[in-house]
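One structure is given here, and the rest of the page talks about it.
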Amino acid sequence: MKAKDPIKQILDEKNIENIILHDENNNPIEFEQIAVIPLEETNKLYAILIPITPMQGVEEGEGVLFELDEEKGDLIVINDEKIIDKVIAIYEKMLNEGESEE
């Protein structure tokens with residue numbers, strides 16, 4: 001069975017399946033997709049994913065922020081607190097706007 005392209009899965013608005021990524025030892029880690037957030041100042045897309053498979057260094061229910069590098073076909077873990085804070089602020093704003101429309 002051919003592995004699915006995680007970037008295509010993340011960008012597919014109709015995708016309801018979890019995302020499977022592999023760690024440095026090629027072990028599969030399953031993630032639930034939470035959001036895709038564009039950050040204008042970096043001109044990049046970021047994905048918030050929550051690992052379903054236990055992941056070292058990540059608490060249960062805690063998200064991981066990935067930069068989507070569509071050209072290289074890579075997902076890059078983001079550890080830069082400034083970018084994380086900005087993406088989370090945009091995500092929270094989106095959530096609040098969604099609640100106020102209901």
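Chain labels follow the order of the structure tokens: the first chain is A, the next B, and so on; residue numbering restarts at 1 in every chain, and ligands are counted from 1 in their shown order.
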Would you pick out the contacts of Pro38 in chain A at 9 Å or less, using only C-alpha atoms, so that residues sharing its chain but fewer than 6 positions from it are not included, and give the list as a compact mmCIF listing (two decimals) with all heavy atoms, in the first residue's frame?
```txt
# COMPACT_ATOMS: atom_id res chain seq x y z
N LYS A 44 4.23 31.76 4.68
CA LYS A 44 4.27 30.30 4.75
C LYS A 44 2.98 29.78 5.38
O LYS A 44 2.26 30.51 6.06
CB LYS A 44 5.48 29.84 5.57
CG LYS A 44 6.78 30.23 4.90
CD LYS A 44 7.97 29.79 5.70
CE LYS A 44 9.24 30.22 4.98
NZ LYS A 44 10.43 29.95 5.72
N LEU A 45 2.73 28.48 5.14
CA LEU A 45 1.60 27.80 5.75
C LEU A 45 2.10 26.94 6.90
O LEU A 45 3.16 26.31 6.80
CB LEU A 45 0.91 26.89 4.74
CG LEU A 45 -0.03 27.52 3.73
CD1 LEU A 45 -0.54 26.44 2.77
CD2 LEU A 45 -1.19 28.20 4.42
N TYR A 46 1.31 26.90 7.97
CA TYR A 46 1.64 26.09 9.12
C TYR A 46 0.46 25.19 9.45
O TYR A 46 -0.69 25.59 9.28
CB TYR A 46 1.97 26.97 10.33
CG TYR A 46 3.18 27.83 10.09
CD1 TYR A 46 3.06 29.10 9.54
CD2 TYR A 46 4.46 27.36 10.36
CE1 TYR A 46 4.18 29.89 9.28
CE2 TYR A 46 5.58 28.13 10.10
CZ TYR A 46 5.43 29.39 9.57
OH TYR A 46 6.55 30.16 9.31
N ALA A 47 0.76 23.97 9.90
CA ALA A 47 -0.29 23.03 10.28
C ALA A 47 -0.14 22.71 11.77
O ALA A 47 0.97 22.46 12.24
CB ALA A 47 -0.18 21.75 9.47
N VAL A 87 1.13 32.00 15.34
CA VAL A 87 0.20 31.06 14.71
C VAL A 87 -0.94 30.71 15.68
O VAL A 87 -2.10 30.69 15.28
CB VAL A 87 0.94 29.79 14.24
CG1 VAL A 87 -0.04 28.72 13.79
CG2 VAL A 87 1.91 30.14 13.10
N ILE A 90 -3.46 33.54 15.80
CA ILE A 90 -4.34 33.54 14.63
C ILE A 90 -5.38 32.43 14.76
O ILE A 90 -6.56 32.64 14.48
CB ILE A 90 -3.51 33.37 13.33
CG1 ILE A 90 -2.65 34.61 13.09
CG2 ILE A 90 -4.43 33.11 12.13
CD1 ILE A 90 -1.59 34.42 12.01
```
Which residues of range 68-101 of chain A come within 9 Å of range 3-8 of chain A, and for each one, what is the closest pair of atoms and their distance in Å to one decimal, counting only C-alpha atoms, sorted by chain and residue number, as a tab-separated table?
```
residue	atom	partner	partner_atom	distance
A:Leu68	CA	A:Ile7	CA	6.9
A:Asp69	CA	A:Ile7	CA	8.4
A:Glu70	CA	A:Ile7	CA	7.1
A:Gly73	CA	A:Ile7	CA	6.9
A:Asp74	CA	A:Ile7	CA	7.6
A:Leu75	CA	A:Ile7	CA	7.4
```
Deliver the residues from the most recent selection as a file, using C-alpha atoms, as a PDB file, in the first residue's frame.
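Wrote it out as selection20.pdb, contents follow:
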```pdb
ATOM      1  CA  LEU A  68       4.488  23.091   5.094  1.00  0.00           C
ATOM      2  CA  ASP A  69       7.262  23.248   2.517  1.00  0.00           C
ATOM      3  CA  GLU A  70       5.304  22.377  -0.611  1.00  0.00           C
ATOM      4  CA  GLY A  73       7.391  18.128   0.043  1.00  0.00           C
ATOM      5  CA  ASP A  74       8.510  18.438   3.663  1.00  0.00           C
ATOM      6  CA  LEU A  75       6.834  19.089   6.971  1.00  0.00           C
TER       7      LEU A  75
END
```
Taking only chain A into account, list the residues labelled strand (DSSP E) by DSSP (computed from the backbone), as a short mmCIF file (atom, residue, chain, number, x, y, z; two decimals) with N, CA, C and O atoms, in the first residue's frame.
```
data_model
loop_
_atom_site.label_atom_id
_atom_site.label_comp_id
_atom_site.auth_asym_id
_atom_site.auth_seq_id
_atom_site.Cartn_x
_atom_site.Cartn_y
_atom_site.Cartn_z
N ILE A 19 -3.29 11.96 9.73
CA ILE A 19 -2.04 12.09 8.99
C ILE A 19 -1.01 11.16 9.61
O ILE A 19 -0.84 11.15 10.84
N ILE A 20 -0.32 10.38 8.78
CA ILE A 20 0.73 9.49 9.27
C ILE A 20 2.08 10.07 8.85
O ILE A 20 2.35 10.24 7.66
N LEU A 21 2.91 10.39 9.83
CA LEU A 21 4.28 10.84 9.59
C LEU A 21 5.21 9.82 10.21
O LEU A 21 4.78 8.96 10.98
N HIS A 22 6.49 9.90 9.90
CA HIS A 22 7.47 8.96 10.45
C HIS A 22 8.57 9.72 11.17
O HIS A 22 9.02 10.76 10.70
N PRO A 28 6.03 4.98 12.48
CA PRO A 28 4.88 5.82 12.13
C PRO A 28 4.30 6.52 13.37
O PRO A 28 4.24 5.94 14.45
N ILE A 29 3.93 7.77 13.19
CA ILE A 29 3.25 8.55 14.23
C ILE A 29 1.98 9.10 13.59
O ILE A 29 2.03 9.75 12.56
N GLU A 30 0.85 8.80 14.22
CA GLU A 30 -0.45 9.24 13.69
C GLU A 30 -0.84 10.56 14.35
O GLU A 30 -0.73 10.72 15.56
N PHE A 31 -1.30 11.50 13.51
CA PHE A 31 -1.70 12.82 13.98
C PHE A 31 -3.12 13.14 13.56
O PHE A 31 -3.55 12.76 12.47
N GLU A 32 -3.80 13.89 14.41
CA GLU A 32 -5.09 14.49 14.05
C GLU A 32 -4.81 15.92 13.61
O GLU A 32 -4.10 16.66 14.29
N GLN A 33 -5.37 16.28 12.46
CA GLN A 33 -5.17 17.64 11.95
C GLN A 33 -6.15 18.58 12.66
O GLN A 33 -7.34 18.33 12.71
N ILE A 34 -5.62 19.69 13.16
CA ILE A 34 -6.44 20.67 13.86
C ILE A 34 -6.71 21.88 12.97
O ILE A 34 -7.83 22.33 12.84
N ALA A 35 -5.66 22.42 12.33
CA ALA A 35 -5.84 23.62 11.51
C ALA A 35 -4.64 23.82 10.59
O ALA A 35 -3.55 23.35 10.87
N VAL A 36 -4.91 24.54 9.50
CA VAL A 36 -3.85 25.04 8.62
C VAL A 36 -3.94 26.55 8.69
O VAL A 36 -5.01 27.13 8.47
N ILE A 37 -2.83 27.19 9.05
CA ILE A 37 -2.81 28.63 9.29
C ILE A 37 -1.77 29.30 8.39
O ILE A 37 -0.60 28.95 8.45
N PRO A 38 -2.19 30.26 7.57
CA PRO A 38 -1.21 31.04 6.82
C PRO A 38 -0.68 32.17 7.71
O PRO A 38 -1.43 32.79 8.45
N LEU A 39 0.62 32.40 7.65
CA LEU A 39 1.23 33.50 8.39
C LEU A 39 1.80 34.46 7.36
O LEU A 39 2.79 34.16 6.70
N LYS A 44 4.23 31.76 4.68
CA LYS A 44 4.27 30.30 4.75
C LYS A 44 2.98 29.78 5.38
O LYS A 44 2.26 30.51 6.06
N LEU A 45 2.73 28.48 5.14
CA LEU A 45 1.60 27.80 5.75
C LEU A 45 2.10 26.94 6.90
O LEU A 45 3.16 26.31 6.80
N TYR A 46 1.31 26.90 7.97
CA TYR A 46 1.64 26.09 9.12
C TYR A 46 0.46 25.19 9.45
O TYR A 46 -0.69 25.59 9.28
N ALA A 47 0.76 23.97 9.90
CA ALA A 47 -0.29 23.03 10.28
C ALA A 47 -0.14 22.71 11.77
O ALA A 47 0.97 22.46 12.24
N ILE A 48 -1.27 22.75 12.47
CA ILE A 48 -1.30 22.33 13.86
C ILE A 48 -1.81 20.89 13.86
O ILE A 48 -2.93 20.63 13.39
N LEU A 49 -0.99 19.98 14.34
CA LEU A 49 -1.34 18.57 14.40
C LEU A 49 -1.19 18.08 15.84
O LEU A 49 -0.26 18.48 16.53
N ILE A 50 -2.09 17.21 16.26
CA ILE A 50 -2.00 16.62 17.60
C ILE A 50 -1.67 15.14 17.43
O ILE A 50 -2.40 14.41 16.74
N PRO A 51 -0.56 14.68 18.03
CA PRO A 51 -0.22 13.26 17.89
C PRO A 51 -1.21 12.37 18.62
O PRO A 51 -1.58 12.64 19.77
N VAL A 64 1.54 19.99 17.84
CA VAL A 64 2.86 20.21 17.25
C VAL A 64 2.64 21.09 16.04
O VAL A 64 1.72 20.87 15.25
N LEU A 65 3.48 22.11 15.89
CA LEU A 65 3.36 23.03 14.76
C LEU A 65 4.37 22.64 13.68
O LEU A 65 5.55 22.46 13.96
N PHE A 66 3.86 22.50 12.46
CA PHE A 66 4.69 22.15 11.31
C PHE A 66 4.58 23.24 10.26
O PHE A 66 3.49 23.77 10.02
N GLU A 67 5.71 23.55 9.64
CA GLU A 67 5.71 24.40 8.45
C GLU A 67 5.55 23.48 7.25
O GLU A 67 6.19 22.43 7.17
N LEU A 68 4.68 23.86 6.31
CA LEU A 68 4.49 23.09 5.09
C LEU A 68 5.40 23.65 4.01
O LEU A 68 5.22 24.78 3.59
N ASP A 69 6.37 22.86 3.61
CA ASP A 69 7.26 23.25 2.52
C ASP A 69 6.81 22.46 1.30
O ASP A 69 7.25 21.33 1.07
N ASP A 74 8.13 18.71 2.28
CA ASP A 74 8.51 18.44 3.66
C ASP A 74 7.56 19.10 4.65
O ASP A 74 6.99 20.15 4.38
N LEU A 75 7.47 18.48 5.81
CA LEU A 75 6.83 19.09 6.97
C LEU A 75 7.95 19.30 7.98
O LEU A 75 8.66 18.37 8.34
N ILE A 76 8.12 20.55 8.42
CA ILE A 76 9.23 20.91 9.30
C ILE A 76 8.66 21.31 10.66
O ILE A 76 7.82 22.21 10.75
N VAL A 77 9.11 20.63 11.71
CA VAL A 77 8.67 20.96 13.07
C VAL A 77 9.20 22.34 13.42
O VAL A 77 10.38 22.64 13.23
#
```
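Here CA of Gly61 in chain A and CA of Thr42 in chain A stand 26.9 Å from one another.
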